[in-house]
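> Mind looking over this structure? Questions follow.
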Amino acid sequence: MAVERFAAGQHAAANRQKRGGEAEFEPVGEEAAAGESPEETFEREWRRQLFALALDDLRAHCQANEKLLQFEIFEAYDLADGERPSYAALAGRHGIAETSVTNHLAWARRTLRQLVTERLRGVTAGERDLREEMRRIWM
Amino acid sequence: MDVSDSVIDHLRHVAALPDLAGTRYELESEIGRGGLGVVYAARDRQLDRRVALKVLDAALAGEARLIARLEHPGIVPIYETGTLPDGRAFYAMKLVAGERVDHYAGGPHPLADRLRVVRRTGEALALAHSRGIIHRDLKPQNVMVGEFGEVYVMDWGVEAVAGTPQFRAPEARLDQRSDIYALGALLQFLLPAAASPALRAIAAKAMRADPADRYPDVPALLTDIERFQEGLAVEAWSEPLSHRLRRFGARNAVLLWLLAAYAGVKLLLLFLRIL
């Protein structure tokens, strides 16, 4: 398993370079959570790297498509590393209806999922592998 | 972009939830995960009823169409199929209230009820096989016993799903005989510790390593179970004489008692005549 994941990571790195990405794996030894096996640490770092790249893609996508408001709301709510603001507070901050906050978040999450899928597609051999990876990521 | 583990966990949760905007359904809660996707409880706003909503991992609409072709009391009816805005396929089906067989097996259910679960499961499989469809991943977690005793077989596979080791036939290429193996494994799983050797033999025959040595089809397996329940000899087991006599005795108890009574009366009369 670890070898497969490592190979996938290597493949991912190669693909990132092809696409001009420059992000690299960070050393994981010092960050490993207590009681975590090397495979679990590797899996966690792999996910972190994958999401970091997909979030970069999402930001770029929003900038290119005039969806900065959606990204700002998504960043303020879903990327908050502590207490999340309420939908009402976000709506007030941006002068929009609460339902718009819901819709913008739904759009951003949907797009993020698609971008994660695209990233995974680049490092998997076919549809079956892709589904396996998707299951690992989302479950 | 640098993100913490807690943010990633949050993103994994929220981005995996199905976006049901534009559908008639409202998400309630997750109720299970199958080989190809996640099942949620949802409310159908138009008909004001609860349904089970299966969201597939990818655009595998084939599974829903496949099951929709199978109309049988043992197969959960599909109400509607659709595609989410993110491209994932989903289908709405009857929300079954009941117990999965892996939980059911631990209950104090009599043998007849356990065998009924296997037979109903087999009947659903037999119908699917007659339409050229195989389950691919039959196991206790995929069979539900409803609150009125109805039995539902769920999570029908379409593509190469790995299967569950304990219930998966050893052959690489799955076919109807692989489902027969899984049905045998299900029978074995449901049998109580003190089950008859005849029933164990039926399960063992269904689970033979070589598919050619198994029952040729599901009805043949079900017939053997019925034969057992009717007190007849089963195809899977060449029983020793002592078992055969015991089975004959159990099956013809009334006749044997009448014969014994007749013989007793005759002896009594003979005895009285001698006196």
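Ligands are numbered from 1 in the order shown, residues from 1 within each chain, and chains are lettered A, B, ... in the order they appear in the structure tokens.
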Could you list, with a cut-off of 9 Å and counting only C-alpha atoms, the residues of chain B near chain A, each shown with its nearest atom pair and the distance in Å rounded to one decimal, rows sorted by chain and ascending number, as a tab-separated table?


residue	atom	partner	partner_atom	distance
B:Met1	CA	A:Ala52	CA	5.0
B:Asp2	CA	A:Ala52	CA	6.1
B:Val3	CA	A:Ala52	CA	6.6
B:Ser4	CA	A:Asp81	CA	7.3
B:Asp5	CA	A:Arg48	CA	7.2
B:Ser6	CA	A:Asp81	CA	7.2
B:Val7	CA	A:Leu79	CA	5.9
B:Ile8	CA	A:Arg48	CA	6.9
B:His10	CA	A:Asp78	CA	7.2
B:Leu11	CA	A:Asp78	CA	6.8
B:Arg12	CA	A:Trp138	CA	5.6
B:His13	CA	A:Trp138	CA	7.2
B:Val14	CA	A:Arg109	CA	7.1
B:Ala15	CA	A:Arg109	CA	5.0
B:Ala16	CA	A:Trp138	CA	5.8
B:Pro18	CA	A:Arg110	CA	8.8
B:Asp19	CA	A:Ala106	CA	6.8
B:Ala21	CA	A:Asn103	CA	8.7
B:Arg33	CA	A:Met139	CA	8.7
B:Leu36	CA	A:Arg131	CA	8.6
B:Gly37	CA	A:Arg135	CA	8.1
B:Val38	CA	A:Met139	CA	8.9
B:Asp57	CA	A:Arg131	CA	6.6
B:Ala58	CA	A:Arg131	CA	7.1
B:Pro85	CA	A:Arg110	CA	7.6
B:Asp86	CA	A:Arg110	CA	5.7
B:Gly87	CA	A:Gln114	CA	8.7
B:Glu159	CA	A:Arg128	CA	9.0
B:Ala160	CA	A:Arg128	CA	8.2

> Within 9 Å of B:Arg24, counting only C-alpha atoms, which residues show up once you throw out same-chain ones fewer than 2 positions away? Write them as a PyMOL selection string, please.

chain B and resi 20-22+26+43-47

> Please identify which residues in stretch 15-245 of chain B DSSP calls strand (DSSP E) from the backbone, and express them as a PyMOL selection string.

chain B and resi 25-33+37-44+49-56+78-83+89-94+98-100+143-146+151-153

> Skip stretch 123-130 of chain B itself and residues of its chain fewer than 5 positions away, then list as a ChimeraX atom specification all residues within 12 Å of it, counting only C-alpha atoms.

/B:66-76,116-118,135-138,143,150-154,156-157,175-183,216-223
